[in-house]
Amino acid sequence: MDDEFEQSFDPAVETMHPRVIVHIDIDCFYAQVEMLKNPELRSQPLGIQQKNIVVTCNYVARQFGIKKCMLLAEAKELCPSLVLVKGEDLYDYRQTSAKVTAVLQKFSPLVEKLGFDENFVDVTQLVAEKLQNGFNSSQNMEGHVYSDATERCMCGCYSRLRVGAVIAADMRAQIFEELGLTCCAGIAHNKLLAKLVCGVHKPNQQTTIFPSSVPGLMAGIESIRKIPGIGHRTGEILQSLGICSVSDLQNSSDKSLQQALGHDVVERLRKLSFGQDDSAVKPTGKPQSIGLEDGFRKISLESEVKEKCLLLLQRLMVLLAEDGRIPGAVRVTVRKYNSTNRQSHRESRQCNISPSIFRPNVNGLTPGARQKLLMSIMKLFHKMVNISKPFHLTLLGIAFTKFQERNSGKGSITSFLMNDISVQSVLDLRNVSTSAAEEMECSPAENACQDRSGSESEHEPSPKKTRSDFWRIRRKRSFTESDVDSINKVGVSELRLSSGEQIDRDVFQKLPSVIQEEVMETLVDLPQLTNRLGISESSDSDPGVCPPDVDRAVFRELPPDVQQELVQSWTSTNSSCASKSPQTNICVRTSGQNSILKYVSSTSK
DNA sequence: AAGCCCCAG
DNA sequence: CATTCTGGGGCTT
């Protein structure tokens with residue numbers, strides 16, 4: 001309140017800076033993850049490829065002038081020897097991201113994720129504790145200081161930020177020691193400044209900014225668009241009103257602005273332009289919705305809609321299982337083709353679904369869960385599209401929402417998983433075909449309490465497990481005849497697989513049996529679909545043939561497409577693998593990627 | 001509930 | 001399909 005008085009007096013001056021915020025940004029995140037998985041890449045120029053672009057690259061590659069989001073061709077020209085790794089399977093990135101966040105949560109519960117590679121941490125409390133305990137930071141300043149901090153603010157933030165810098169250094173050390181990742185940190189009294197200053201010294205460095213340097217920092221920002229919070233649209237509006245530079249914004253008191261954006265927004269933006277940001281670090285929790293959507297040229301048949309929905313559903317089930325919660329509602333989104341309407345005009349309908357769909361039936365395992373779900377979905381679809389008339393869709397999406405609260409255990413999908421005897425039997429299978437070493441990384445118990453804490457004790461029970469072991473550890477594993485038998489007991493009678501790779505443990509096992517069945521049923525019921533997607537029956541019997549970069553694709557959270565492939569290979573009762581020995585390994589990866597390409601090119605583009 | 005906007009990555 | 005996809009937020013009806 002004092003604050004407000006002061007600012008109405010002079011908007012450029014803040015008198016109090018009570019918080020300490022650290023912004024952590026992992027250096028070229030995807031590239032680092034890939035280099036952990038395959039250390040040989042460290043010495044080579046590495047680019048992470050998505051579609052036709054290099055989304056990020058390591059620092060070796062940057063010496064060639066390669067930049068983020070550069071076109072593939074462009075990058076190759078700059079560096080013909082550029083090693084490319086596909087970065088479309090986000091599983092490892094997501095996992096690693098969660099581990100980073102888990103490390104940071106040891107410092108404060110106030111950790112806010114921004115994408116996979118950034119986190120805000122409010123360490124005000126920890127700083128206060130350290131200061132109370134007589135922590136002395138006046139000796140040496142940890143890391144860089146933005147500009148030459150001259151004046152000292154009298155609110156006490158000078159000491160606090162210095163302690164913050166020490167904490168940030170600690171965070172970075174822990175992230176490196178525990179995960180092998182380097183990162184940058186920005187330390188400031190608010191989120192905006194912490195983020196802005198984070199990247200001033202890169203890579204693997206940290207920068208602290210004190211309030212006296214804030215005007216300089218803000219003045220040095222070329223475009224207003226660089227200010228987090230001013231996005232595409234707002235930037236355009238501001239520009240259209242002649243507000244281009246930060247100082248333009250600082251001095252703006254236009255009435256037209258107020259009209260265009262509203263008083264509150266304008267106030268917020270003006271504050272931002274002075275480096276002021278009251279927004280709190282909002283602890284990131286589980287998502288409120290989990291959804292997928294697919295864009296395409298044209299869908300005009302109901303049968304195509306059904307197919308799409310089944311595919312989306314299949315992928316969604318996996319994400320859902322990984323999340324561990326049970327949704328209470330489903331939403332369907334469509335975008336109708338409209339030549340005049342450049343806007344992606346979307347429509348959506350949602351309805352509640354009985355959570356029992358995701359629970360076991362008294363008599364065993366939900367016979368028609370998928371059908372029920374699909375029925376609900378199609379019903380929603382029909383609310384938006386009258387199929388008796390021609391229609392043309394360019395997008396279909398399905399999302400689950402209204403998740404049940406972290407139930408005391410009952411009803412939670414994971415607890416169900418663990419309580420279901422038949423599933424237990426599947427879990428137990430793992431012991432048959434899994435080595436002890438592998439067991440350590442992911443024991444059934446750990447999986448059961450899917451506790452987000454992620455970084456738990458795990459690994460290290462074994463003497464020396466190198467980092468590359470960490471990534472290589474899950475490999476080759478085969479289902480045996482008895483595995484198949486047991487799975488049959490669970491009720492997935494059509495299942496026939498000779499190779500599971502990580503599938504069994506990492507994904508299949510994680511899935512509630514209901515969902516396991518869902519996945520199976522989907523495919524069993526839709527032979528034409530599986531055929532269209534094509535089972536590469538090639539089933540390469542020599543996994544060693546797989547190129548290393550291909551080999552790493554971890555089925556687990558399956559980039560749904562790969563998962564699909566795998567499920568197909570399980571499902572194909574009469575495919576070549578059935579005739580082979582149960583021990584035969586299928587090179588899932590290779591066949592998967594090929595088919596994915598086929599699939600993508602035939603439907604998506 | 002659903003449409004509309006915005007934003008970030 | 002015109003920067004795709006995913007998730008979040010806010011405001012309005």
# chains A, B, ... in the order shown; residues from 1 in each chain; ligands from 1

call {"tool": "interface_residues", "arguments": {"of": "chain A", "to": "chain C", "cutoff": "10 Å", "atoms": "only C-alpha atoms (C1' of nucleotides)", "output": "VMD selection string"}}
result
chain A and resid 115 287 to 298 335 337 342 344 393 to 395 604 to 605

call {"tool": "interface_residues", "arguments": {"of": "chain A", "to": "chain B", "cutoff": "9 Å", "atoms": "only C-alpha atoms (C1' of nucleotides)", "output": "list in words"}}
result
Leu114, Gly115, Phe116, Pro228, Gly229, Ile230, Gly231, His232, Arg233, Thr234, Arg346, Glu347, Ser348, Arg349 and Gln350 of chain A

call {"tool": "write_last_selection", "arguments": {"atoms": "C-alpha atoms", "output": "PDB file, in the first residue's frame"}}
result
ATOM      1  CA  LEU A 114       7.658 -22.399 -17.725  1.00  0.00           C
ATOM      2  CA  GLY A 115       7.923 -24.910 -20.457  1.00  0.00           C
ATOM      3  CA  PHE A 116      10.352 -27.766 -20.055  1.00  0.00           C
ATOM      4  CA  PRO A 228       7.663 -11.274 -21.207  1.00  0.00           C
ATOM      5  CA  GLY A 229       3.972 -10.640 -21.035  1.00  0.00           C
ATOM      6  CA  ILE A 230       3.825  -8.603 -24.182  1.00  0.00           C
ATOM      7  CA  GLY A 231       2.905 -11.117 -26.797  1.00  0.00           C
ATOM      8  CA  HIS A 232       2.130 -11.040 -30.435  1.00  0.00           C
ATOM      9  CA  ARG A 233      -1.188  -9.320 -30.223  1.00  0.00           C
ATOM     10  CA  THR A 234      -0.364  -6.764 -27.577  1.00  0.00           C
ATOM     11  CA  ARG A 346     -13.020 -23.556 -32.807  1.00  0.00           C
ATOM     12  CA  GLU A 347     -16.036 -25.071 -31.269  1.00  0.00           C
ATOM     13  CA  SER A 348     -16.110 -27.409 -28.372  1.00  0.00           C
ATOM     14  CA  ARG A 349     -18.559 -29.383 -26.351  1.00  0.00           C
ATOM     15  CA  GLN A 350     -17.966 -31.217 -23.176  1.00  0.00           C
TER      16      GLN A 350
END

call {"tool": "residues_around", "arguments": {"residues": "Tyr30 of chain A", "least_positions_apart": "2", "cutoff": "8 Å", "atoms": "only C-alpha atoms (C1' of nucleotides)", "output": "NGL selection string"}}
result
:A and (28 or 32-34 or 48 or 56-57 or 87 or 93)

call {"tool": "select_by_dssp", "arguments": {"residues": "segment 112-296 of chain A", "states": "strand (DSSP E or B)", "output": "number ranges by chain"}}
result
A: 112-114, 118-122, 144-145, 183-188, 206-208, 289-296

call {"tool": "atom_distance", "arguments": {"atom1": "atom CA of Gly186 of chain A", "atom2": "atom CA of Ser223 of chain A"}}
result
20.3 Å

call {"tool": "residues_around", "arguments": {"residues": "Thr101 of chain A", "least_positions_apart": "3", "cutoff": "12 Å", "atoms": "only C-alpha atoms (C1' of nucleotides)", "output": "number ranges by chain"}}
result
A: 23-26, 94-98, 104-121, 171-172, 174-175, 179, 283-285, 452-455

call {"tool": "atom_distance", "arguments": {"atom1": "atom CA of Ser212 of chain A", "atom2": "atom CA of Arg225 of chain A"}}
result
23.3 Å
